[in-house]
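*Asks:* So here's target_31.txt (compact mmCIF, C-alpha atoms).
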# COMPACT_ATOMS: atom_id res chain seq x y z
CA MET A 1 133.61 209.20 227.03
CA LEU A 2 135.50 208.30 223.93
CA ILE A 3 135.19 211.63 222.17
CA LYS A 4 135.96 214.94 223.84
CA ASP A 5 135.59 218.28 222.03
CA GLY A 6 135.63 216.46 218.69
CA ILE A 7 138.95 214.72 219.47
CA ARG A 8 139.08 210.95 219.84
CA ILE A 9 140.78 208.89 222.51
CA ASP A 10 144.05 208.67 220.57
CA GLY A 11 144.00 212.32 219.54
CA ARG A 12 142.58 211.91 216.06
CA LYS A 13 139.75 213.85 214.43
CA PRO A 14 136.64 211.78 213.55
CA ASP A 15 137.66 211.54 209.87
CA GLU A 16 141.34 210.85 210.39
CA LEU A 17 143.15 207.53 209.77
CA ARG A 18 145.71 205.90 212.02
CA PRO A 19 149.29 206.09 210.73
CA ILE A 20 149.93 203.55 207.96
CA LYS A 21 153.18 202.09 206.69
CA ILE A 22 153.24 199.75 203.69
CA GLU A 23 156.20 197.90 202.23
CA ALA A 24 155.95 195.69 199.14
CA GLY A 25 158.10 192.70 198.22
CA VAL A 26 159.50 191.80 201.62
CA LEU A 27 159.62 188.01 201.21
CA TYR A 28 162.01 186.42 198.72
CA ARG A 29 160.39 183.00 198.36
CA ALA A 30 156.82 184.21 197.85
CA ASP A 31 155.80 185.42 194.38
CA GLY A 32 154.50 188.61 195.94
CA SER A 33 154.41 189.96 199.48
CA CYS A 34 153.61 192.95 201.60
CA TYR A 35 154.24 194.09 205.15
CA LEU A 36 151.75 196.55 206.55
CA GLU A 37 151.53 198.51 209.76
CA TRP A 38 148.23 200.23 210.38
CA GLY A 39 148.03 201.80 213.82
CA GLY A 40 148.74 198.89 216.15
CA ASN A 41 148.16 196.27 213.46
CA LYS A 42 151.14 194.46 212.00
CA ILE A 43 150.31 192.27 209.05
CA MET A 44 152.30 190.16 206.62
CA ALA A 45 150.70 189.04 203.38
CA ALA A 46 152.17 186.62 200.85
CA VAL A 47 150.89 185.54 197.44
CA TYR A 48 151.80 182.31 195.67
CA GLY A 49 150.83 181.49 192.13
CA PRO A 50 148.99 181.16 189.87
CA ARG A 51 150.09 177.55 190.39
CA GLU A 52 148.65 174.15 189.66
CA ALA A 53 145.59 173.47 191.82
CA LEU A 54 145.96 170.23 193.75
CA PRO A 55 144.22 167.84 194.35
CA ARG A 56 143.03 167.89 190.78
CA HIS A 57 139.31 167.64 191.54
CA ILE A 58 139.32 171.19 192.93
CA GLN A 59 140.56 172.60 189.61
CA ASP A 60 138.14 174.75 187.65
CA PRO A 61 138.70 174.42 183.88
CA THR A 62 137.30 177.92 183.28
CA LYS A 63 139.09 180.02 185.87
CA ALA A 64 141.65 180.24 188.64
CA LEU A 65 140.65 179.72 192.26
CA VAL A 66 141.44 182.46 194.71
CA ASN A 67 142.22 181.03 198.09
CA ALA A 68 142.94 183.49 200.87
CA ARG A 69 143.87 182.33 204.34
CA TYR A 70 143.61 184.76 207.21
CA SER A 71 145.30 183.64 210.36
CA MET A 72 146.14 185.35 213.61
CA ALA A 73 149.37 184.65 215.43
CA SER A 74 148.87 183.33 218.94
CA PHE A 75 150.78 186.36 220.27
CA SER A 76 148.82 188.91 218.25
CA VAL A 77 146.23 189.61 220.95
CA GLU A 78 146.45 190.36 224.67
CA GLU A 79 145.19 186.96 225.79
CA ARG A 80 146.99 184.16 223.94
CA LYS A 81 144.92 183.03 220.97
CA ARG A 82 144.72 179.33 220.40
CA PRO A 83 146.53 178.80 217.09
CA GLY A 84 144.79 177.38 214.04
CA PRO A 85 141.65 178.23 212.12
CA ASP A 86 138.53 179.08 214.07
CA ARG A 87 135.04 180.30 213.26
CA ARG A 88 136.11 183.93 212.96
CA SER A 89 139.19 183.43 210.79
CA THR A 90 137.35 181.00 208.50
CA GLU A 91 134.74 183.68 207.87
CA ILE A 92 137.33 186.38 207.25
CA SER A 93 139.23 184.06 204.88
CA LYS A 94 136.05 183.51 202.89
CA VAL A 95 135.02 187.17 202.59
CA THR A 96 138.59 188.18 201.76
CA SER A 97 138.84 185.54 199.01
CA GLU A 98 135.61 186.76 197.48
CA ALA A 99 136.53 190.44 197.71
CA LEU A 100 139.90 189.86 196.02
CA GLU A 101 138.59 187.39 193.45
CA SER A 102 136.23 190.00 192.01
CA VAL A 103 139.11 192.18 190.78
CA ILE A 104 141.43 189.42 189.52
CA PHE A 105 141.29 188.25 185.89
CA THR A 106 140.82 184.65 187.00
CA GLU A 107 139.82 183.48 183.51
CA LEU A 108 143.42 183.96 182.32
CA PHE A 109 144.68 181.07 184.45
CA PRO A 110 142.31 178.09 184.20
CA ARG A 111 143.01 175.06 186.42
CA THR A 112 145.21 176.99 188.84
CA THR A 113 144.99 178.51 192.29
CA ILE A 114 146.21 181.81 193.59
CA ASP A 115 147.03 181.35 197.26
CA ILE A 116 147.07 184.34 199.56
CA CYS A 117 148.32 184.06 203.12
CA ILE A 118 147.49 186.84 205.53
CA GLU A 119 149.26 186.58 208.85
CA VAL A 120 148.24 188.95 211.61
CA LEU A 121 151.31 189.43 213.77
CA ASP A 122 149.86 192.12 216.00
CA ALA A 123 146.19 193.05 216.18
CA GLU A 124 144.51 196.28 217.17
CA ALA A 125 141.04 196.49 215.54
CA GLY A 126 140.40 196.54 211.83
CA THR A 127 142.58 193.54 210.96
CA ARG A 128 140.31 192.33 208.17
CA CYS A 129 140.58 195.71 206.42
CA ALA A 130 144.31 195.82 206.96
CA GLY A 131 144.53 192.22 205.75
CA ILE A 132 142.74 192.95 202.49
CA THR A 133 144.83 196.08 201.95
CA ALA A 134 148.06 194.14 202.48
CA ALA A 135 146.89 191.19 200.35
CA ALA A 136 146.04 193.58 197.50
CA VAL A 137 149.56 195.02 197.50
CA ALA A 138 151.01 191.51 197.59
CA LEU A 139 148.84 190.50 194.62
CA ALA A 140 150.03 193.47 192.58
CA ASP A 141 153.61 192.68 193.60
CA ALA A 142 153.12 189.09 192.42
CA GLY A 143 152.21 190.41 188.96
CA ILE A 144 148.70 189.02 188.99
CA PRO A 145 146.45 190.73 186.40
CA MET A 146 143.82 192.76 188.17
CA ARG A 147 141.20 195.33 187.25
CA ASP A 148 142.26 197.50 190.17
CA ILE A 149 144.11 197.33 193.47
CA PRO A 150 141.43 196.71 196.08
CA VAL A 151 141.58 198.59 199.35
CA ALA A 152 139.66 198.36 202.61
CA CYS A 153 138.94 200.67 205.50
CA ALA A 154 136.43 200.68 208.34
CA ALA A 155 134.09 203.34 209.64
CA GLY A 156 131.88 203.19 212.72
CA LYS A 157 129.92 205.04 215.32
CA VAL A 158 131.33 206.03 218.68
CA ASP A 159 129.49 208.21 221.24
CA GLY A 160 126.89 209.01 218.59
CA VAL A 161 129.50 210.32 216.15
CA VAL A 162 130.35 208.62 212.86
CA VAL A 163 134.12 208.08 212.83
CA LEU A 164 136.73 206.60 210.50
CA ASP A 165 139.07 203.70 211.30
CA LEU A 166 138.21 202.55 214.83
CA THR A 167 140.79 201.71 217.46
CA SER A 168 140.29 198.70 219.72
CA GLU A 169 138.68 200.77 222.51
CA GLU A 170 136.30 202.36 220.05
CA ASP A 171 135.54 198.98 218.55
CA LYS A 172 134.68 197.47 221.94
CA GLU A 173 132.81 200.41 223.45
CA GLY A 174 131.40 201.95 220.28
CA GLU A 175 127.97 201.45 218.79
CA ALA A 176 128.85 200.18 215.32
CA ASP A 177 131.68 198.98 213.08
CA LEU A 178 131.45 199.00 209.28
CA PRO A 179 134.35 197.47 207.35
CA VAL A 180 134.26 198.32 203.66
CA ALA A 181 136.47 197.14 200.79
CA ILE A 182 136.30 198.89 197.44
CA ALA A 183 137.97 199.00 194.05
CA PRO A 184 139.07 202.65 194.26
CA ARG A 185 138.91 203.39 190.54
CA THR A 186 135.24 202.51 190.13
CA GLU A 187 134.19 202.70 193.79
CA GLU A 188 132.74 199.23 193.36
CA ILE A 189 132.04 197.70 196.78
CA LEU A 190 133.84 194.37 197.26
CA LEU A 191 133.11 193.78 200.93
CA LEU A 192 130.59 195.32 203.29
CA GLN A 193 129.95 194.00 206.76
CA MET A 194 128.35 195.64 209.74
CA ASP A 195 128.42 195.01 213.44
CA GLY A 196 126.13 197.08 215.71
CA HIS A 197 123.39 199.53 214.95
CA LEU A 198 123.25 202.50 212.61
CA THR A 199 120.28 204.45 211.32
CA TYR A 200 119.89 204.61 207.56
CA LYS A 201 121.27 208.15 207.50
CA GLU A 202 124.22 207.24 209.70
CA PHE A 203 124.94 204.22 207.54
CA GLU A 204 125.13 206.37 204.42
CA GLU A 205 127.41 208.80 206.22
CA ALA A 206 129.65 206.00 207.51
CA LEU A 207 129.86 204.36 204.09
CA GLU A 208 130.84 207.63 202.48
CA LEU A 209 133.47 208.22 205.15
CA ALA A 210 134.85 204.68 204.75
CA ILE A 211 135.13 205.13 200.97
CA LYS A 212 136.95 208.41 201.55
CA GLY A 213 139.31 206.60 203.90
CA CYS A 214 139.83 203.79 201.37
CA LYS A 215 140.90 206.30 198.75
CA GLN A 216 143.54 207.73 201.08
CA VAL A 217 144.88 204.25 201.79
CA ALA A 218 144.84 203.43 198.06
CA LYS A 219 147.35 206.24 197.45
CA LEU A 220 149.68 204.73 200.07
CA GLN A 221 149.36 201.29 198.45
CA ARG A 222 150.36 202.64 195.05
CA GLN A 223 153.24 204.58 196.55
CA ALA A 224 154.49 201.46 198.33
CA LEU A 225 154.54 199.48 195.08
CA LEU A 226 156.37 202.24 193.23
CA ASN A 227 158.88 202.59 196.08
CA LYS A 228 159.97 198.99 195.62
CA TYR A 229 161.23 199.83 192.15
CA LYS A 230 162.68 203.21 193.07
CA THR A 231 165.17 202.09 195.69
CA PHE A 232 167.91 201.32 193.21
CA GLU A 233 167.37 204.28 190.88
CA VAL A 234 169.32 206.59 193.22
CA LYS A 235 172.44 204.44 193.29
CA MET B 1 163.99 208.77 178.71
CA MET B 2 162.27 207.76 181.92
CA ARG B 3 160.53 204.44 181.79
CA GLU B 4 157.14 204.70 183.41
CA ILE B 5 156.09 202.08 185.94
CA VAL B 6 152.36 201.42 185.92
CA LEU B 7 150.16 199.59 188.41
CA PRO B 8 146.93 197.61 188.05
CA GLY B 9 144.15 200.08 187.32
CA SER B 10 146.40 202.89 186.01
CA ILE B 11 145.16 204.62 182.88
CA VAL B 12 147.66 203.87 180.09
CA GLY B 13 145.89 205.19 177.00
CA ASP B 14 142.82 206.28 175.15
CA ALA B 15 140.86 203.48 173.50
CA LYS B 16 139.82 205.81 170.66
CA SER B 17 143.33 206.09 169.24
CA LYS B 18 145.10 203.04 170.73
CA LEU B 19 144.46 199.33 171.08
CA PRO B 20 144.86 197.36 174.32
CA GLY B 21 147.84 195.02 174.02
CA LYS B 22 149.49 192.67 176.50
CA GLY B 23 148.93 193.35 180.19
CA THR B 24 146.14 195.84 179.59
CA PHE B 25 142.36 195.88 179.31
CA LYS B 26 139.73 198.21 177.93
CA GLU B 27 136.89 199.66 179.94
CA GLY B 28 134.68 202.39 178.48
CA ASP B 29 136.91 204.54 176.26
CA LYS B 30 140.07 204.17 178.32
CA ILE B 31 142.80 201.55 178.41
CA TYR B 32 144.00 200.43 181.83
CA SER B 33 146.99 198.43 182.94
CA SER B 34 146.15 195.08 184.49
CA ARG B 35 149.49 194.45 186.14
CA LEU B 36 152.61 195.95 187.62
CA GLY B 37 155.03 196.68 184.82
CA ILE B 38 156.70 199.08 182.43
CA LEU B 39 154.62 200.94 179.87
CA GLU B 40 155.49 200.39 176.23
CA GLU B 41 153.80 201.66 173.06
CA LYS B 42 154.27 199.63 169.92
CA GLY B 43 152.43 200.99 166.88
CA LYS B 44 148.78 201.19 167.79
CA TYR B 45 149.15 198.85 170.74
CA VAL B 46 149.74 199.79 174.35
CA ASN B 47 151.57 197.04 176.20
CA VAL B 48 152.64 196.60 179.79
CA ILE B 49 155.84 194.58 180.21
CA PRO B 50 155.51 192.79 183.54
CA LEU B 51 158.13 193.33 186.24
CA SER B 52 157.05 190.30 188.23
CA GLY B 53 154.96 187.18 187.98
CA VAL B 54 155.15 183.51 187.17
CA TYR B 55 156.33 182.15 183.83
CA ASP B 56 153.70 182.46 181.11
CA PRO B 57 154.49 179.73 178.56
CA ASN B 58 154.42 180.55 174.83
CA VAL B 59 154.77 178.26 171.82
CA GLY B 60 158.38 178.24 170.62
CA ASP B 61 159.98 179.09 173.98
CA THR B 62 163.12 177.20 174.87
CA VAL B 63 162.76 175.99 178.42
CA ILE B 64 164.68 173.98 180.99
CA GLY B 65 162.49 171.31 182.54
CA VAL B 66 162.73 168.72 185.27
CA VAL B 67 161.17 165.29 184.73
CA GLN B 68 158.40 164.80 187.27
CA GLU B 69 156.84 161.53 186.24
CA VAL B 70 157.62 158.72 183.80
CA PHE B 71 154.90 156.87 181.87
CA LYS B 72 155.24 153.99 179.43
CA ASN B 73 155.13 156.29 176.42
CA ALA B 74 155.55 159.81 177.80
CA TRP B 75 157.02 161.99 180.53
CA ILE B 76 155.54 164.77 182.61
CA VAL B 77 157.97 167.67 182.88
CA ASP B 78 157.92 170.59 185.29
CA ILE B 79 158.75 173.70 183.27
CA ASN B 80 158.19 176.24 186.07
CA ALA B 81 154.80 177.19 184.58
CA PRO B 82 151.44 176.92 186.35
CA TYR B 83 150.82 173.78 184.26
CA PRO B 84 152.90 170.62 183.79
CA ALA B 85 154.18 169.82 180.29
CA PHE B 86 153.93 166.55 178.38
CA LEU B 87 156.81 165.07 176.45
CA THR B 88 155.74 162.11 174.35
CA MET B 89 157.92 159.25 173.11
CA GLU B 90 157.71 160.55 169.52
CA GLU B 91 159.15 163.93 170.52
CA VAL B 92 162.54 162.77 171.76
CA PRO B 93 165.67 162.36 169.65
CA TRP B 94 166.17 158.73 170.69
CA LYS B 95 164.63 155.66 169.09
CA MET B 96 162.81 153.52 171.59
CA GLU B 97 160.13 150.93 172.08
CA TYR B 98 156.94 151.38 174.08
CA GLY B 99 157.81 150.94 177.76
CA GLU B 100 161.46 151.93 177.41
CA THR B 101 160.99 155.57 178.41
CA TYR B 102 162.63 155.05 181.79
CA LYS B 103 165.89 154.03 180.09
CA TYR B 104 166.35 157.53 178.68
CA LEU B 105 164.87 159.98 181.20
CA ARG B 106 164.12 159.33 184.84
CA VAL B 107 162.45 161.36 187.55
CA GLY B 108 164.67 164.32 188.42
CA ASP B 109 166.51 164.43 185.10
CA VAL B 110 166.89 167.88 183.60
CA ILE B 111 166.28 168.62 179.93
CA VAL B 112 166.28 171.47 177.46
CA ALA B 113 163.08 171.44 175.42
CA ILE B 114 160.95 173.63 173.19
CA ILE B 115 157.26 174.28 173.72
CA LYS B 116 155.45 172.74 170.78
CA LEU B 117 151.81 173.29 171.55
CA ILE B 118 149.51 174.93 174.08
CA ASP B 119 145.82 174.20 173.66
CA GLU B 120 142.85 176.16 175.00
CA ALA B 121 142.68 173.97 178.10
CA ARG B 122 146.32 174.94 178.74
CA ASN B 123 147.72 171.47 178.12
CA ILE B 124 151.34 171.96 177.20
CA GLU B 125 153.29 169.70 174.87
CA ILE B 126 157.05 170.00 174.52
CA THR B 127 159.51 168.57 172.03
CA MET B 128 163.20 167.66 172.15
CA LYS B 129 163.63 167.11 168.44
CA SER B 130 165.25 170.37 167.32
CA LYS B 131 168.60 172.09 167.88
CA PRO B 132 169.36 173.20 171.44
CA CYS B 133 167.35 170.37 173.02
CA ARG B 134 169.20 167.78 175.04
CA LYS B 135 169.45 166.06 178.37
CA ILE B 136 171.54 168.07 180.84
CA GLU B 137 174.19 165.88 182.43
CA ASP B 138 176.51 168.36 184.18
CA GLY B 139 176.73 171.95 185.39
CA ILE B 140 174.19 173.59 187.66
CA ILE B 141 170.77 175.15 187.27
CA ILE B 142 169.99 178.57 188.70
CA GLU B 143 166.42 179.76 189.05
CA ILE B 144 165.61 183.44 188.74
CA GLN B 145 162.35 185.33 188.30
CA PRO B 146 161.11 184.60 184.75
CA SER B 147 160.20 188.27 184.22
CA LYS B 148 163.90 189.17 184.58
CA ILE B 149 165.07 186.82 181.82
CA PRO B 150 165.01 189.47 179.03
CA ARG B 151 167.41 191.55 181.14
CA VAL B 152 169.82 188.63 181.55
CA ILE B 153 169.92 188.27 177.77
CA GLY B 154 169.95 191.99 176.96
CA LYS B 155 169.58 193.69 173.59
CA ASN B 156 170.98 191.36 170.92
CA ALA B 157 172.28 189.14 173.73
CA SER B 158 174.63 191.94 174.89
CA MET B 159 174.35 191.13 178.59
CA LEU B 160 174.69 187.42 177.97
CA ASN B 161 177.85 187.97 175.93
CA ILE B 162 179.35 190.09 178.70
CA LEU B 163 178.60 187.40 181.25
CA LYS B 164 180.14 184.76 179.01
CA ARG B 165 183.23 186.81 178.20
CA TYR B 166 184.10 187.82 181.77
CA THR B 167 183.32 184.56 183.55
CA LYS B 168 184.33 182.11 180.82
CA CYS B 169 181.33 179.98 181.74
CA TRP B 170 178.94 178.06 179.57
CA ILE B 171 175.55 179.71 180.00
CA PHE B 172 172.25 178.55 178.62
CA VAL B 173 169.15 180.62 179.40
CA GLY B 174 165.71 179.04 179.45
CA GLN B 175 162.74 181.34 178.94
CA ASN B 176 161.13 179.89 182.06
CA GLY B 177 163.60 181.45 184.47
CA ARG B 178 166.04 178.55 184.69
CA ILE B 179 169.64 179.09 183.69
CA TRP B 180 172.10 176.29 183.06
CA ILE B 181 175.71 177.20 183.85
CA LYS B 182 178.92 175.28 183.63
CA GLY B 183 182.49 176.32 184.42
CA GLU B 184 185.21 176.67 187.05
CA ASP B 185 183.83 176.84 190.62
CA GLU B 186 185.22 180.34 191.22
CA ASN B 187 183.77 181.70 188.00
CA VAL B 188 180.43 180.02 188.61
CA ASN B 189 180.17 181.68 192.03
CA LEU B 190 180.89 185.07 190.51
CA LEU B 191 178.37 184.44 187.76
CA ILE B 192 175.67 183.49 190.25
CA LYS B 193 176.33 186.73 192.13
CA ALA B 194 176.06 188.67 188.89
CA LEU B 195 172.79 186.93 187.97
CA ARG B 196 171.33 187.72 191.39
CA LYS B 197 172.35 191.35 190.95
CA ILE B 198 170.66 191.48 187.54
CA GLU B 199 167.54 189.93 189.03
CA LYS B 200 167.46 192.49 191.83
CA GLU B 201 168.18 195.56 189.72
CA ALA B 202 166.53 194.56 186.45
CA HIS B 203 164.41 197.71 186.23
CA THR B 204 167.30 200.20 186.56
CA PHE B 205 169.48 201.96 184.00
CA GLY B 206 173.19 201.45 183.52
CA LEU B 207 173.03 197.90 184.78
CA THR B 208 175.34 196.60 182.05
CA GLU B 209 178.11 198.98 183.18
CA ARG B 210 177.68 197.98 186.80
CA ILE B 211 177.84 194.30 185.88
CA ILE B 212 181.05 194.83 183.87
CA LYS B 213 182.55 196.64 186.85
CA MET B 214 181.50 193.86 189.17
CA LEU B 215 183.02 191.19 186.95
CA GLY B 216 186.27 193.13 186.92
CA GLY B 217 186.18 194.67 183.45
Let me see the file written as structure tokens.
*Replies:*
Amino acid sequence: MLIKDGIRIDGRKPDELRPIKIEAGVLYRADGSCYLEWGGNKIMAAVYGPREALPRHIQDPTKALVNARYSMASFSVEERKRPGPDRRSTEISKVTSEALESVIFTELFPRTTIDICIEVLDAEAGTRCAGITAAAVALADAGIPMRDIPVACAAGKVDGVVVLDLTSEEDKEGEADLPVAIAPRTEEILLLQMDGHLTYKEFEEALELAIKGCKQVAKLQRQALLNKYKTFEVK
Amino acid sequence: MMREIVLPGSIVGDAKSKLPGKGTFKEGDKIYSSRLGILEEKGKYVNVIPLSGVYDPNVGDTVIGVVQEVFKNAWIVDINAPYPAFLTMEEVPWKMEYGETYKYLRVGDVIVAIIKLIDEARNIEITMKSKPCRKIEDGIIIEIQPSKIPRVIGKNASMLNILKRYTKCWIFVGQNGRIWIKGEDENVNLLIKALRKIEKEAHTFGLTERIIKMLGG
């Protein structure tokens, strides 16, 4: 029993997000950075570049490469995770790179790379969505030209109910998980993965709910970026 | 007047009456910002002045570079841009033979140069033939965010003059975010603090007054 009288295990309604805190520009040495807390997730994202792509044979003379690296700290999960890239984080790095690349004006910086590091310090379901959300804020903070600030949010199905933003219990025990990344202005889908089973109707419902969730998160992202430049105005 | 901060994807104008300038793009009949910056309208153009980002080299910029590699007839110079810059033997103020490049500039030497050419493949060529160009032999180099450089200079070099007057230091500002300073240790320390403050508070109003106060004016 994960849902009782329409209230979920952590007291949320089916279409409610976990509390989110975003802070932009937290690292001095990175060109852009972001610290994000999303429920029990704690994520640090840093952006470097555009900078010269090395070794030279990886350079693309027509556009910049977007190279995201998702990595989980060994202490981020209950059982110690063996550090270093594994099958799962390699996959997430790849889909994140592709999702973010589609909004960046890569043709403005030929022969360069834009490196994005996403470090998961504490994990509690939905880290890939939180990672993309944090990386997007870091990219904007780094001053990289983009069509939009991408944002991600997951939806899923628990106890036969379509819900937004799953917790770890819901992720483990639930029937389906559907992470979605969009460009909020055009609602263009940048990432769509699914784990579990949904009927066609449920899928449509979940996708709509995830997009709704994304738009809420997008507002927080924009606020976080503006806050960075407001801090000193009061003084 | 409140300066408006815009974010990537913010609507900044109507494409029917305005033209997309720097830091913007057109989609449908609207103009959107492509980066985090301050909105500025100049004639028919809508521009976004970036608040962050790496140095974007332009022809004619005076930059401070560090020699990265020495060839027989040229040098490769790091100018803090995403691309390395080339300085050929013909573009230096010294007369030399082929193979003598190492006698004039070695790896790690710092120079003031001007960007001469940027081609479509983003190869950058620099020259040391005109006025402020030289090899830097003394003083120290401070690196700040290149997007904050206009603030360090100020309108008609107002900020720069204040810094010079109150700290009695020699200051030379490169467009690529490197600043060459020279002076008494005490004054240099104060100047570095002031530069860091400008970098941190570049987007705020009344910064000039606060800097004067800080420098003891």
*Asks:* The centre and edge lengths of an axis-aligned box containing all atoms of region 164-181 of chain B present in the file, extended by 3 Å on each side, are to be given in Å to one decimal, as AutoDock Vina command-line options.
*Replies:*
--center_x 172.7 --center_y 182.1 --center_z 181.4 --size_x 29.2 --size_y 17.5 --size_z 12.5
*Asks:* Pick the closest to chain B from A:Lys94, A:Arg51, A:Arg88, A:Arg80: which is it, counting only C-alpha atoms?
*Replies:*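 Closest candidate: A:Arg51.
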*Asks:* Which residues come within 6 Å of Gly156 (chain A), counting all atoms listed in the file, excluding same-chain residues fewer than 5 positions away, as a PyMOL selection string?
*Replies:* chain A and resi 162-163+176-178
*Asks:* Please identify all residues of chain B having at least one atom at most 10 Å from any atom of chain A, considering all atoms listed in the file, and return them as a count of residues only.
*Replies:* 42
*Asks:* Quick one: of A:Ile58, A:Ala154, A:Ile7, A:Ala224, who's nearest to Ala24 (chain A), counting only C-alpha atoms?
*Replies:*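 Under the stated criterion, the closest residue is A:Ala224.
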*Asks:* Which one of B:Glu91, B:Glu69, B:Asp119, B:Glu209 sits closest to Arg134 (chain B) if you count only C-alpha atoms?
*Replies:* B:Glu91
*Asks:* Please, what distance in Å, to one decimal, runs between CA of Glu173 (chain A) and CA of Asp159 (chain A)?
*Replies:*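 Here the two named atoms are 8.8 Å from each other.
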